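First up is the structure itself, then whatever we jot down about it.
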Amino acid sequence: MDVGLIGQRSTASKLQKIDLENHKKVRVRADWEMQPDPEESNSGFGHKRMLEQIVAIPATLYLPTSIVAELNELCESLGYTPEQLVIEALKSQVDCWSEFFDHVMTLSVKPEDLVWPKDPVFCLACVATAHIIDSFTRCSHDPVAFAQLKDRAPSEWSFSPLEEDEQMDDADWWKTHS
């Protein structure tokens, strides 16, 4: 699968331009009450608020071992936390969001058919987006799933090799892409 220009971006040059101070000012609050408002559940505002809350919940993102190693190395060399790298990975796709979103939405369902791009930050953006979309889809009309997402969330963002997670829940299909 060819990802065109998106996957060929220079990770180092993009990450050198990052201003982490902006992230401290624009952070999504994770301490909001994680219950959907029944009156807002069908409104755009209610969905937007829920999406903001889902994005604020840390997750473990599953990727091939080699990509996890590269992401951990980037975090160490740049002094980033995994959360900061996730934010930067997503921000790096803003200028070409439509093309990026189309790419994420057409990812192969079978892990053996998936061809991983060479850019580990692009891979991270894809996996994080797939995770967010899946979480929002599962939780948008189900208060129980929403509460479970928060209760089961790790304390911080992290990356984990696919090979280490042999007991994957069928509902976590996005992990096969991550």
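FYI, nothing fancy with the structure tokens labels: chains A, B, ... in order, residues from 1 per chain, ligands from 1 as they appear.
Summary of the local environment: counting only C-alpha atoms, residues at most 12 Å from A:Ala69, other than itself and those fewer than 6 positions away along its chain, are Tyr62, Leu63, Cys75, Glu76, Pro120, Val121, Ser158, Phe159, Ser160 and Pro161 of chain A.
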Would you write out those residues with C-alpha atoms, as a compact mmCIF listing (two decimals), in the first residue's frame?
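Done, and the output landed in selection_10.txt:
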```
# COMPACT_ATOMS: atom_id res chain seq x y z
CA TYR A 62 0.20 -1.45 19.68
CA LEU A 63 2.71 -1.35 16.83
CA CYS A 75 10.95 10.12 22.80
CA GLU A 76 14.33 9.72 24.46
CA PRO A 120 7.27 5.72 12.62
CA VAL A 121 5.57 9.05 13.45
CA SER A 158 2.60 4.15 25.96
CA PHE A 159 3.61 2.03 22.99
CA SER A 160 3.68 -1.74 23.05
CA PRO A 161 4.82 -4.33 20.52
```
Taking 5 positions as the minimum chain separation for residues in the same chain, which residues sit within 6 Å of A:Ala59 when counting only C-alpha atoms? Answer as a PDB file with N, CA and C atoms, in the first residue's frame.
```pdb
ATOM      1  N   ALA A 153      -8.344   2.462  31.396  1.00  0.00           N
ATOM      2  CA  ALA A 153      -7.247   3.213  30.771  1.00  0.00           C
ATOM      3  C   ALA A 153      -5.984   3.149  31.619  1.00  0.00           C
ATOM      4  N   PRO A 154      -4.844   3.068  30.964  1.00  0.00           N
ATOM      5  CA  PRO A 154      -3.582   3.119  31.718  1.00  0.00           C
ATOM      6  C   PRO A 154      -3.385   4.531  32.271  1.00  0.00           C
ATOM      7  N   TRP A 157       0.090   7.420  28.427  1.00  0.00           N
ATOM      8  CA  TRP A 157       0.220   6.890  27.077  1.00  0.00           C
ATOM      9  C   TRP A 157       1.481   6.040  26.982  1.00  0.00           C
TER      10      TRP A 157
END
```
Legend entry - atom CA of A:Ile57 to atom CA of A:Ser98, straight-line distance in Å: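 So the two atoms, atom CA of A:Ser98 and atom CA of A:Ile57, lie 24.3 Å apart.
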Inset, instruction - Could you tell me which of A:Leu162, A:Val86, A:Cys96, A:Met105 comes closest to A:Ala125 if we count only C-alpha atoms? - result: A:Val86
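Note that the spacing between atom CA of A:Glu73 and atom CA of A:His103 amounts to 25.7 Å.
Among the candidates A:Ser77, A:Ser135, A:Thr129, A:Gln84, the residue lying nearest to A:Ile54 is A:Ser135 (atoms considered: only C-alpha atoms).
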Inset, instruction - as number ranges by chain, please: all residues of stretch 57-135 of chain A that backbone DSSP puts in alpha helix (DSSP H). - result: A: 65-78, 82-91, 97-105, 120-135
Contacts of A:Val104 within 7 Å, only C-alpha atoms, excl. fewer than 4 positions in-chain, as an mmCIF file with C-alpha atoms, in the first residue's frame:
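Output contents, as saved in part-v6.cif:
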```cif
data_model
loop_
_atom_site.group_PDB
_atom_site.id
_atom_site.type_symbol
_atom_site.label_atom_id
_atom_site.label_comp_id
_atom_site.auth_asym_id
_atom_site.auth_seq_id
_atom_site.Cartn_x
_atom_site.Cartn_y
_atom_site.Cartn_z
ATOM 1 C CA PHE A 100 -4.646 11.081 5.994
ATOM 2 C CA CYS A 126 -2.504 6.264 12.076
ATOM 3 C CA ALA A 130 -7.759 4.426 14.627
#
```
Inset, instruction - Report the distance between atom CA of A:Asp134 and atom CA of A:Leu61 in Å, rounded to one decimal place. - result: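 Value for the atom CA of A:Asp134-atom CA of A:Leu61 distance: 12.5 Å.
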